[in-house]
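First up is the structure itself, then whatever we jot down about it.
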Number of protein chains: 2
Amino acid sequence: MTIQSLVHTIFHAIIFFYSSQTLADDYNEGKLKSFICAECHGEKGVSALGKYPNLSGQKFEYLVSALTAYRSGLRQSEIMNAMVTNLNDQDIKNLATYYSQQDCN
Amino acid sequence: MTIQSLVHTIFHAIIFFYSSQTLADDYNEGKLKSFICAECHGEKGVSALGKYPNLSGQKFEYLVSALTAYRSGLRQSEIMNAMVTNLNDQDIKNLATYYSQQDCN
């Protein structure tokens, strides 16, 4: 192994470690924050009532866009617009990470 | 068994049979109609791209309300408003029956 390839490997290991940690942080922070969603959408995103969508196993990207649209008012819902008003971009990413990684039933 | 309870049992059997048939019809009609959704949402409601939500295993009532809101324009999406414009209430019910009964992954 040349010095160059060793440096390359170490560099990628650091990036991989950092990415894994970040993703785990997002998940855990999302789980913490999800208590505000749980009353309607269930603790793990399987809602008890038919009028509330399941969130478990939903696409990360879709969840981010739905929450962002509720926050901006592009998507209208009296309940949801109020629920997300104080979420920042990182909160939204965290919640989407948490719900997208739940089993869907 | 009295005549009254026999009549009662037969009456309920007919209602049950009729309901089952109707539900099966809704499912099959929904499956037929779902080809218009499949390009984005996948054949069974598991979408290939993150920006399109999974529909499989989603709540029936939520799916009906989402499609109805897209049709009325209450919920805005250039693609979805166009996709649902020709659906009648029964079509929407059929699609919601089909997708809500799919395994969610």
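We label chains A, B, ... in the order they appear in the structure tokens, count residues from 1 in each chain, and number ligands from 1 in the order shown.
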
Each chain B residue no farther than 7 Å from chain A, nearest pair in Å, only C-alpha atoms, as CSV:
```
residue,atom,partner,partner_atom,distance
B:Gly50,CA,A:Glu61,CA,5.0
B:Lys51,CA,A:Tyr62,CA,4.7
B:Tyr52,CA,A:Tyr62,CA,6.0
B:Pro53,CA,A:Tyr62,CA,5.8
B:Asn54,CA,A:Gln58,CA,6.0
B:Gln58,CA,A:Asn54,CA,6.0
B:Lys59,CA,A:Gly50,CA,5.3
B:Phe60,CA,A:Gly50,CA,6.5
B:Glu61,CA,A:Gly50,CA,5.0
B:Tyr62,CA,A:Lys51,CA,4.7
B:Arg75,CA,A:Arg75,CA,6.6
B:Cys104,CA,A:Cys104,CA,6.0
```

DSSP on the backbone, alpha helix (DSSP H) only: what residues of chain A does that give? Format it as a ChimeraX atom specification. /A:3-33,35-41,60-72,78-84,89-100

In Å to one decimal, how far is CA of Gln102 in chain B from CA of Gly45 in chain B? 7.5 Å

My list of candidates is B:Thr22, B:Ser34, B:Gln4, B:Thr9. Which is closest to Tyr99 in chain B when distances are computed with only C-alpha atoms?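 Among B:Thr22, B:Ser34, B:Gln4, B:Thr9, it is B:Ser34 that comes nearest to Tyr99 in chain B.
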
Expressed in Å to a single decimal, how great is the separation between CA of Ile36 in chain B and CA of Gln101 in chain B? 17.8 Å

In Å, how far is it from CA of Ser100 in chain A to CA of Glu43 in chain A?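 Between CA of Ser100 in chain A and CA of Glu43 in chain A the gap works out to 13.2 Å.
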
Selection: 10 Å around Arg71 in chain A, only C-alpha atoms, excl. self and same-chain fewer than 3 positions, as an MDAnalysis selection string: chainID A and resid 65:68 74:76 80:88 92

Export of prior selection with C-alpha atoms as a PDB file, in the first residue's frame:
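To be explicit, this is the file written out as out-v3.pdb:
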```
ATOM      1  CA  SER A  65     -40.885  18.328   1.105  1.00  0.00           C
ATOM      2  CA  ALA A  66     -44.284  17.802   2.805  1.00  0.00           C
ATOM      3  CA  LEU A  67     -43.130  19.321   6.107  1.00  0.00           C
ATOM      4  CA  THR A  68     -41.417  22.201   4.317  1.00  0.00           C
ATOM      5  CA  LEU A  74     -47.742  26.035   0.246  1.00  0.00           C
ATOM      6  CA  ARG A  75     -49.602  23.035   1.590  1.00  0.00           C
ATOM      7  CA  GLN A  76     -52.589  23.952   3.686  1.00  0.00           C
ATOM      8  CA  MET A  80     -50.151  20.787  10.270  1.00  0.00           C
ATOM      9  CA  ASN A  81     -49.376  24.428   9.509  1.00  0.00           C
ATOM     10  CA  ALA A  82     -49.510  25.104  13.248  1.00  0.00           C
ATOM     11  CA  MET A  83     -47.539  21.980  14.182  1.00  0.00           C
ATOM     12  CA  VAL A  84     -44.525  22.713  11.994  1.00  0.00           C
ATOM     13  CA  THR A  85     -44.281  26.450  12.396  1.00  0.00           C
ATOM     14  CA  ASN A  86     -41.356  26.238  14.826  1.00  0.00           C
ATOM     15  CA  LEU A  87     -39.408  23.513  13.041  1.00  0.00           C
ATOM     16  CA  ASN A  88     -36.136  24.505  11.411  1.00  0.00           C
ATOM     17  CA  ILE A  92     -37.483  18.558   9.501  1.00  0.00           C
TER      18      ILE A  92
END
```
